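With mmCIF, C-alpha atoms inside, this is run.cif:
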```cif
data_target
#
loop_
_atom_site.label_atom_id
_atom_site.label_comp_id
_atom_site.auth_asym_id
_atom_site.auth_seq_id
_atom_site.Cartn_x
_atom_site.Cartn_y
_atom_site.Cartn_z
CA MET A 1189 -136.44 86.49 -16.64
CA GLY A 1190 -136.61 83.90 -19.44
CA GLU A 1191 -138.11 83.57 -22.87
CA PRO A 1192 -141.88 83.50 -23.35
CA ALA A 1193 -143.67 80.17 -23.37
CA GLY A 1194 -144.60 80.38 -27.03
CA PRO A 1195 -144.48 82.52 -30.16
CA PRO A 1196 -146.86 85.42 -30.74
CA GLY A 1197 -149.98 84.95 -32.81
CA PRO A 1198 -150.04 86.07 -36.44
CA ALA A 1199 -151.76 89.36 -35.59
CA ASP A 1200 -149.33 90.39 -32.86
CA PRO A 1201 -147.52 93.65 -33.60
CA LEU A 1202 -143.91 94.72 -33.26
CA LEU A 1203 -142.99 97.61 -30.97
CA ILE A 1204 -139.59 99.22 -31.58
CA ALA A 1205 -138.63 101.54 -28.71
CA CYS A 1206 -135.94 104.21 -28.97
CA ALA A 1207 -135.09 107.26 -26.90
CA LEU A 1208 -134.15 110.06 -29.26
CA GLY A 1209 -135.86 111.85 -32.09
CA ILE A 1210 -132.89 111.20 -34.38
CA GLU A 1211 -133.17 107.46 -33.66
CA GLN A 1212 -136.89 107.47 -34.37
CA PHE A 1213 -136.27 109.40 -37.59
CA ALA A 1214 -133.63 106.88 -38.73
CA LEU A 1215 -135.90 103.93 -38.03
CA ARG A 1216 -138.96 105.51 -39.65
CA THR A 1217 -137.18 106.74 -42.78
CA GLY A 1218 -135.48 103.39 -43.23
CA ARG A 1219 -138.81 101.59 -43.29
CA SER A 1220 -139.56 102.39 -46.95
CA ARG A 1221 -136.54 100.35 -48.04
CA ALA A 1222 -137.32 97.42 -45.72
CA ASP A 1223 -139.06 94.15 -46.47
CA LYS A 1224 -142.76 94.01 -45.75
CA ALA A 1225 -143.44 93.68 -42.03
CA PRO A 1226 -145.40 90.57 -40.97
CA GLY A 1227 -147.66 92.64 -38.72
CA PRO A 1228 -148.29 96.18 -37.46
CA VAL A 1229 -145.13 98.09 -36.50
CA THR A 1230 -144.84 101.00 -34.07
CA VAL A 1231 -141.66 103.02 -33.59
CA LEU A 1232 -142.02 104.53 -30.13
CA ARG A 1233 -139.91 107.44 -28.93
CA THR A 1234 -139.64 107.04 -25.17
CA GLY A 1235 -137.39 109.95 -24.20
CA MET A 1236 -134.00 109.61 -22.53
CA GLY A 1237 -133.24 107.57 -19.44
CA PRO A 1238 -134.60 104.42 -17.79
CA LYS A 1239 -137.52 106.14 -16.08
CA ALA A 1240 -138.77 107.67 -19.30
CA ALA A 1241 -138.40 104.34 -21.11
CA GLU A 1242 -140.27 102.49 -18.37
CA THR A 1243 -143.17 104.96 -18.40
CA ALA A 1244 -143.52 105.10 -22.18
CA VAL A 1245 -143.27 101.33 -22.74
CA ALA A 1246 -145.71 100.50 -19.93
CA ARG A 1247 -148.22 102.94 -21.41
CA ALA A 1248 -147.78 101.57 -24.94
CA LEU A 1249 -148.23 97.95 -23.86
CA GLY A 1250 -151.17 98.68 -21.60
CA GLY A 1251 -153.69 98.25 -24.38
CA GLY A 1252 -154.63 99.26 -27.86
CA ARG A 1253 -152.54 98.63 -30.96
CA ALA A 1254 -149.35 97.52 -29.18
CA PHE A 1255 -150.98 95.10 -26.71
CA GLY A 1256 -149.22 91.71 -26.90
CA ALA A 1257 -146.43 93.10 -29.06
CA ALA A 1258 -142.97 91.69 -29.50
CA VAL A 1259 -140.54 94.39 -28.35
CA ILE A 1260 -137.15 95.53 -29.63
CA ALA A 1261 -135.14 98.22 -27.85
CA SER A 1262 -133.01 100.02 -30.42
CA GLY A 1263 -131.00 103.16 -31.08
CA PHE A 1264 -127.42 104.14 -30.32
CA CYS A 1265 -125.07 102.91 -27.60
CA ALA A 1266 -121.56 103.31 -26.25
CA GLY A 1267 -119.25 100.41 -26.97
CA LEU A 1268 -117.16 99.07 -24.10
CA THR A 1269 -114.87 96.63 -25.91
CA PRO A 1270 -111.55 97.82 -27.39
CA GLY A 1271 -111.59 97.53 -31.16
CA MET A 1272 -115.22 98.55 -31.56
CA HIS A 1273 -115.96 101.22 -34.14
CA PRO A 1274 -118.86 103.62 -34.78
CA GLY A 1275 -121.39 101.81 -36.92
CA ASP A 1276 -120.76 98.39 -35.36
CA LEU A 1277 -123.90 96.59 -34.23
CA VAL A 1278 -124.60 95.17 -30.77
CA VAL A 1279 -127.16 92.39 -30.34
CA ALA A 1280 -127.84 91.74 -26.66
CA ASP A 1281 -128.17 88.20 -25.37
CA GLU A 1282 -129.33 89.79 -22.12
CA THR A 1283 -129.79 93.26 -20.67
CA ARG A 1284 -128.70 94.20 -17.14
CA PHE A 1285 -129.42 97.09 -14.81
CA ALA A 1286 -129.71 97.61 -11.06
CA GLY A 1287 -129.28 93.93 -10.23
CA GLU A 1288 -131.93 92.73 -12.70
CA SER A 1289 -131.46 91.01 -16.03
CA ALA A 1290 -133.70 90.13 -18.96
CA ALA A 1291 -132.91 87.32 -21.41
CA CYS A 1292 -133.36 88.16 -25.08
CA THR A 1293 -135.20 86.06 -27.64
CA GLY A 1294 -133.65 84.73 -30.86
CA THR A 1295 -130.29 86.44 -30.44
CA GLU A 1296 -128.39 84.30 -32.94
CA LEU A 1297 -131.11 84.58 -35.58
CA LEU A 1298 -131.23 88.35 -35.15
CA ALA A 1299 -127.44 88.68 -35.38
CA ASP A 1300 -127.40 86.65 -38.61
CA ALA A 1301 -130.23 88.73 -40.07
CA LEU A 1302 -128.38 91.96 -39.25
CA ALA A 1303 -125.20 90.68 -40.90
CA ARG A 1304 -127.22 90.21 -44.10
CA ALA A 1305 -129.09 93.52 -43.77
CA VAL A 1306 -125.95 95.60 -43.15
CA PRO A 1307 -123.11 93.76 -44.91
CA GLY A 1308 -119.60 94.80 -43.97
CA ARG A 1309 -120.55 95.88 -40.45
CA THR A 1310 -119.32 93.96 -37.43
CA VAL A 1311 -122.05 92.43 -35.27
CA HIS A 1312 -121.15 91.93 -31.59
CA THR A 1313 -123.23 89.67 -29.33
CA GLY A 1314 -123.16 89.76 -25.53
CA PRO A 1315 -124.58 91.44 -22.43
CA LEU A 1316 -125.85 95.02 -22.78
CA THR A 1317 -125.75 96.94 -19.53
CA GLY A 1318 -127.86 99.91 -18.50
CA SER A 1319 -127.02 103.24 -16.90
CA ASP A 1320 -128.98 106.24 -15.68
CA HIS A 1321 -126.42 108.68 -17.12
CA VAL A 1322 -124.00 109.03 -20.02
CA VAL A 1323 -120.97 106.84 -19.31
CA ARG A 1324 -117.46 108.00 -20.18
CA GLY A 1325 -113.81 107.30 -19.40
CA HIS A 1326 -113.08 105.20 -16.32
CA GLU A 1327 -116.74 104.22 -15.88
CA ARG A 1328 -116.62 102.38 -19.19
CA ALA A 1329 -113.57 100.44 -18.08
CA GLU A 1330 -115.37 99.46 -14.87
CA LEU A 1331 -118.44 98.28 -16.76
CA ARG A 1332 -116.26 96.25 -19.11
CA THR A 1333 -114.98 94.20 -16.16
CA THR A 1334 -118.57 92.93 -15.62
CA GLY A 1335 -118.51 91.27 -19.04
CA ALA A 1336 -120.81 93.80 -20.70
CA ILE A 1337 -119.91 94.76 -24.26
CA ALA A 1338 -121.94 97.98 -24.52
CA VAL A 1339 -124.00 100.41 -22.45
CA ASP A 1340 -127.07 102.58 -23.00
CA MET A 1341 -129.71 104.15 -20.80
CA GLU A 1342 -132.97 102.66 -22.05
CA SER A 1343 -132.68 99.05 -23.30
CA ALA A 1344 -132.70 97.30 -19.92
CA ALA A 1345 -135.66 99.36 -18.68
CA THR A 1346 -137.52 98.77 -21.94
CA LEU A 1347 -137.15 94.98 -21.82
CA ARG A 1348 -137.79 94.73 -18.08
CA THR A 1349 -141.00 96.73 -18.43
CA ALA A 1350 -142.08 94.77 -21.50
CA LEU A 1351 -141.74 91.44 -19.70
CA ARG A 1352 -143.51 92.74 -16.61
CA SER A 1353 -146.42 93.66 -18.87
CA GLY A 1354 -146.73 90.03 -20.00
CA PRO A 1355 -144.70 87.21 -21.59
CA ARG A 1356 -143.49 88.19 -25.03
CA PRO A 1357 -140.41 88.00 -27.31
CA VAL A 1358 -137.93 90.77 -26.52
CA ALA A 1359 -134.63 91.88 -28.05
CA ALA A 1360 -132.17 94.76 -27.94
CA VAL A 1361 -130.19 95.95 -30.93
CA ARG A 1362 -127.95 98.97 -30.69
CA VAL A 1363 -125.59 100.75 -33.07
CA VAL A 1364 -122.26 101.81 -31.60
CA VAL A 1365 -122.00 105.57 -31.86
CA ASP A 1366 -118.80 105.84 -29.85
CA ALA A 1367 -116.27 103.42 -28.41
CA PRO A 1368 -113.15 103.52 -26.20
CA GLU A 1369 -110.92 104.69 -29.07
CA HIS A 1370 -113.64 106.77 -30.77
CA GLU A 1371 -115.37 108.87 -28.12
CA LEU A 1372 -118.11 111.08 -29.53
CA VAL A 1373 -119.13 114.51 -28.29
CA ARG A 1374 -122.25 115.25 -30.34
CA ILE A 1375 -124.29 112.85 -32.47
CA GLY A 1376 -124.44 113.85 -36.13
CA THR A 1377 -121.59 116.38 -36.09
CA VAL A 1378 -118.73 113.93 -36.65
CA ARG A 1379 -118.16 110.98 -38.95
CA GLY A 1380 -118.90 108.40 -36.26
CA GLY A 1381 -122.36 109.78 -35.59
CA ILE A 1382 -123.23 109.92 -39.28
CA SER A 1383 -122.01 106.35 -39.78
CA ALA A 1384 -124.13 105.10 -36.87
CA PHE A 1385 -127.19 106.93 -38.23
CA ARG A 1386 -126.83 105.28 -41.64
CA VAL A 1387 -126.54 101.84 -40.08
CA LEU A 1388 -129.61 102.40 -37.91
CA ARG A 1389 -131.60 103.24 -41.06
CA ALA A 1390 -130.70 99.83 -42.50
CA VAL A 1391 -131.71 97.50 -39.64
CA LEU A 1392 -135.45 97.17 -40.20
CA PRO A 1393 -135.32 94.22 -42.64
CA ALA A 1394 -133.51 92.23 -39.92
CA PHE A 1395 -136.09 93.25 -37.31
CA TYR A 1396 -138.88 92.07 -39.61
CA GLU A 1397 -137.09 88.77 -40.30
CA TRP A 1398 -136.72 88.20 -36.54
CA HIS A 1399 -140.40 89.03 -35.97
CA ARG A 1400 -141.47 86.81 -38.88
CA SER A 1401 -139.50 83.86 -37.46
CA LEU A 1402 -141.46 84.12 -34.20
CA LEU A 1403 -144.69 83.50 -36.09
CA LEU A 1404 -143.52 80.09 -37.35
CA PRO A 1405 -144.77 77.04 -35.44
CA ARG A 1406 -142.19 75.55 -33.09
CA ARG A 1407 -141.32 71.86 -33.49
#
```
The structure given in the file should be rewritten as structure tokens.
Amino acid sequence: MGEPAGPPGPADPLLIACALGIEQFALRTGRSRADKAPGPVTVLRTGMGPKAAETAVARALGGGRAFGAAVIASGFCAGLTPGMHPGDLVVADETRFAGESAACTGTELLADALARAVPGRTVHTGPLTGSDHVVRGHERAELRTTGAIAVDMESAATLRTALRSGPRPVAAVRVVVDAPEHELVRIGTVRGGISAFRVLRAVLPAFYEWHRSLLLPRR
């Protein structure tokens, strides 16, 4: 699946989809420190897993305030690449799951915006793969051989569903909450989880910059 044929209109909203309550809380509480959004913004909690994400996103894009929205899948992820640390950022150039892939829009611009929004944090760009369960140990090593740099359960389903609902800009931005050398047991109870939470609170200015850039006329 490729990029949409053109940018959204000036009234088109931004839908940010995440799975967990703690992710939604981070994104919502970070909004007060963010730059002004160029249009309406919805932070949607989908619930965990690809099926839940698919159902929630399809419902949100079916009409009403989020119809025609640009979509960003966000939240936490597991890093697959050695040397990753909790709090690192992952910007997908594509998402993959179950033999399907979705190309992301404006990856380089989004990565640059995140580097400015969260200075000092490493931003990784590459394929983000999906899973229907929490991935640990040897499964991570196997996924790494596919070229993926990170894994989560909802991003691929979110973007696939968004594009099936109509052509639109889509992106996936995740914060590494654990990595091969820093495996996490419970979010928020160790330093890695707290670090990832703080980074997630800081990403909204970059999301708004990405969304704003889509409103500019293309030459």
Show me, as a list of chain:residue names, the residues that have an atom within 10 Å of Leu1268 in chain A when counting all atoms listed in the file, minus same-chain residues fewer than 3 positions from it.
A:Cys1265, A:Gly1271, A:Met1272, A:Leu1316, A:Thr1317, A:Val1323, A:Arg1324, A:Glu1327, A:Arg1328, A:Ala1329, A:Glu1330, A:Leu1331, A:Arg1332, A:Thr1333, A:Gly1335, A:Ala1336, A:Ile1337, A:Ala1338, A:Val1339, A:Val1364, A:Asp1366, A:Ala1367, A:Pro1368, A:Glu1369
Using only C-alpha atoms, what table do you get, as JSON lines, when you list each residue of range 1258-1367 of chain A with an atom no more than 12 Å from range 1198-1212 of chain A, its nearest pair of atoms, and their distance in Å rounded to one decimal, rows by chain then rising number?
```
{"residue": "A:Ala1258", "atom": "CA", "partner": "A:Leu1202", "partner_atom": "CA", "distance": 4.9}
{"residue": "A:Val1259", "atom": "CA", "partner": "A:Leu1203", "partner_atom": "CA", "distance": 4.8}
{"residue": "A:Ile1260", "atom": "CA", "partner": "A:Ile1204", "partner_atom": "CA", "distance": 4.8}
{"residue": "A:Ala1261", "atom": "CA", "partner": "A:Ala1205", "partner_atom": "CA", "distance": 4.9}
{"residue": "A:Ser1262", "atom": "CA", "partner": "A:Cys1206", "partner_atom": "CA", "distance": 5.3}
{"residue": "A:Gly1263", "atom": "CA", "partner": "A:Glu1211", "partner_atom": "CA", "distance": 5.5}
{"residue": "A:Phe1264", "atom": "CA", "partner": "A:Glu1211", "partner_atom": "CA", "distance": 7.4}
{"residue": "A:Cys1265", "atom": "CA", "partner": "A:Ala1207", "partner_atom": "CA", "distance": 10.9}
{"residue": "A:Asp1340", "atom": "CA", "partner": "A:Ala1207", "partner_atom": "CA", "distance": 10.1}
{"residue": "A:Met1341", "atom": "CA", "partner": "A:Ala1207", "partner_atom": "CA", "distance": 8.7}
{"residue": "A:Glu1342", "atom": "CA", "partner": "A:Ala1207", "partner_atom": "CA", "distance": 7.0}
{"residue": "A:Ser1343", "atom": "CA", "partner": "A:Cys1206", "partner_atom": "CA", "distance": 8.3}
{"residue": "A:Ala1344", "atom": "CA", "partner": "A:Ala1205", "partner_atom": "CA", "distance": 11.4}
{"residue": "A:Ala1345", "atom": "CA", "partner": "A:Ala1205", "partner_atom": "CA", "distance": 10.7}
{"residue": "A:Thr1346", "atom": "CA", "partner": "A:Ala1205", "partner_atom": "CA", "distance": 7.4}
{"residue": "A:Leu1347", "atom": "CA", "partner": "A:Ala1205", "partner_atom": "CA", "distance": 9.6}
{"residue": "A:Thr1349", "atom": "CA", "partner": "A:Ala1205", "partner_atom": "CA", "distance": 11.6}
{"residue": "A:Ala1350", "atom": "CA", "partner": "A:Leu1203", "partner_atom": "CA", "distance": 9.9}
{"residue": "A:Arg1356", "atom": "CA", "partner": "A:Asp1200", "partner_atom": "CA", "distance": 10.0}
{"residue": "A:Pro1357", "atom": "CA", "partner": "A:Leu1202", "partner_atom": "CA", "distance": 9.6}
{"residue": "A:Val1358", "atom": "CA", "partner": "A:Leu1203", "partner_atom": "CA", "distance": 9.6}
{"residue": "A:Ala1359", "atom": "CA", "partner": "A:Ile1204", "partner_atom": "CA", "distance": 9.5}
{"residue": "A:Ala1360", "atom": "CA", "partner": "A:Ile1204", "partner_atom": "CA", "distance": 9.4}
{"residue": "A:Val1361", "atom": "CA", "partner": "A:Ile1204", "partner_atom": "CA", "distance": 10.0}
{"residue": "A:Arg1362", "atom": "CA", "partner": "A:Cys1206", "partner_atom": "CA", "distance": 9.7}
{"residue": "A:Val1363", "atom": "CA", "partner": "A:Glu1211", "partner_atom": "CA", "distance": 10.1}
{"residue": "A:Val1365", "atom": "CA", "partner": "A:Glu1211", "partner_atom": "CA", "distance": 11.5}
```
Can I get the selection written as an mmCIF file, in the frame of the given file, with C-alpha atoms?
```
data_model
loop_
_atom_site.group_PDB
_atom_site.id
_atom_site.type_symbol
_atom_site.label_atom_id
_atom_site.label_comp_id
_atom_site.auth_asym_id
_atom_site.auth_seq_id
_atom_site.Cartn_x
_atom_site.Cartn_y
_atom_site.Cartn_z
ATOM 1 C CA ALA A 1258 -142.970 91.690 -29.500
ATOM 2 C CA VAL A 1259 -140.540 94.390 -28.350
ATOM 3 C CA ILE A 1260 -137.150 95.530 -29.630
ATOM 4 C CA ALA A 1261 -135.140 98.220 -27.850
ATOM 5 C CA SER A 1262 -133.010 100.020 -30.420
ATOM 6 C CA GLY A 1263 -131.000 103.160 -31.080
ATOM 7 C CA PHE A 1264 -127.420 104.140 -30.320
ATOM 8 C CA CYS A 1265 -125.070 102.910 -27.600
ATOM 9 C CA ASP A 1340 -127.070 102.580 -23.000
ATOM 10 C CA MET A 1341 -129.710 104.150 -20.800
ATOM 11 C CA GLU A 1342 -132.970 102.660 -22.050
ATOM 12 C CA SER A 1343 -132.680 99.050 -23.300
ATOM 13 C CA ALA A 1344 -132.700 97.300 -19.920
ATOM 14 C CA ALA A 1345 -135.660 99.360 -18.680
ATOM 15 C CA THR A 1346 -137.520 98.770 -21.940
ATOM 16 C CA LEU A 1347 -137.150 94.980 -21.820
ATOM 17 C CA THR A 1349 -141.000 96.730 -18.430
ATOM 18 C CA ALA A 1350 -142.080 94.770 -21.500
ATOM 19 C CA ARG A 1356 -143.490 88.190 -25.030
ATOM 20 C CA PRO A 1357 -140.410 88.000 -27.310
ATOM 21 C CA VAL A 1358 -137.930 90.770 -26.520
ATOM 22 C CA ALA A 1359 -134.630 91.880 -28.050
ATOM 23 C CA ALA A 1360 -132.170 94.760 -27.940
ATOM 24 C CA VAL A 1361 -130.190 95.950 -30.930
ATOM 25 C CA ARG A 1362 -127.950 98.970 -30.690
ATOM 26 C CA VAL A 1363 -125.590 100.750 -33.070
ATOM 27 C CA VAL A 1365 -122.000 105.570 -31.860
#
```
Would you mind telling me which residue in A:Gly1237, A:Gly1267, A:Pro1315, A:Pro1228 lies nearest to Ala1280 in chain A when using all atoms listed in the file?
A:Pro1315
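Evaluated on this file, the PyMOL selection byres ((chain A and resi 1290) around 9) matches Met1189, Gly1190, Glu1191, Asp1281, Glu1282, Thr1283, Arg1284, Glu1288, Ser1289, Ala1291, Cys1292, Ala1344, Leu1347, Arg1348, Leu1351 and Val1358 of chain A.
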Residues picked by the PyMOL selection byres ((chain A and resi 1393) around 8) here, as a PDB file with C-alpha atoms, in the frame of the given file?
```pdb
ATOM      1  CA  ALA A1222    -137.320  97.420 -45.720  1.00  0.00           C
ATOM      2  CA  ASP A1223    -139.060  94.150 -46.470  1.00  0.00           C
ATOM      3  CA  ALA A1301    -130.230  88.730 -40.070  1.00  0.00           C
ATOM      4  CA  ALA A1305    -129.090  93.520 -43.770  1.00  0.00           C
ATOM      5  CA  ALA A1390    -130.700  99.830 -42.500  1.00  0.00           C
ATOM      6  CA  VAL A1391    -131.710  97.500 -39.640  1.00  0.00           C
ATOM      7  CA  LEU A1392    -135.450  97.170 -40.200  1.00  0.00           C
ATOM      8  CA  ALA A1394    -133.510  92.230 -39.920  1.00  0.00           C
ATOM      9  CA  PHE A1395    -136.090  93.250 -37.310  1.00  0.00           C
ATOM     10  CA  TYR A1396    -138.880  92.070 -39.610  1.00  0.00           C
ATOM     11  CA  GLU A1397    -137.090  88.770 -40.300  1.00  0.00           C
TER      12      GLU A1397
END
```
Contacts of Glu1296 in chain A within 9 Å, all atoms listed in the file, excl. fewer than 3 positions in-chain, as a list in words
Val1279, Asp1281, Thr1293, Ala1299, Asp1300, Ala1301 and Thr1313 of chain A
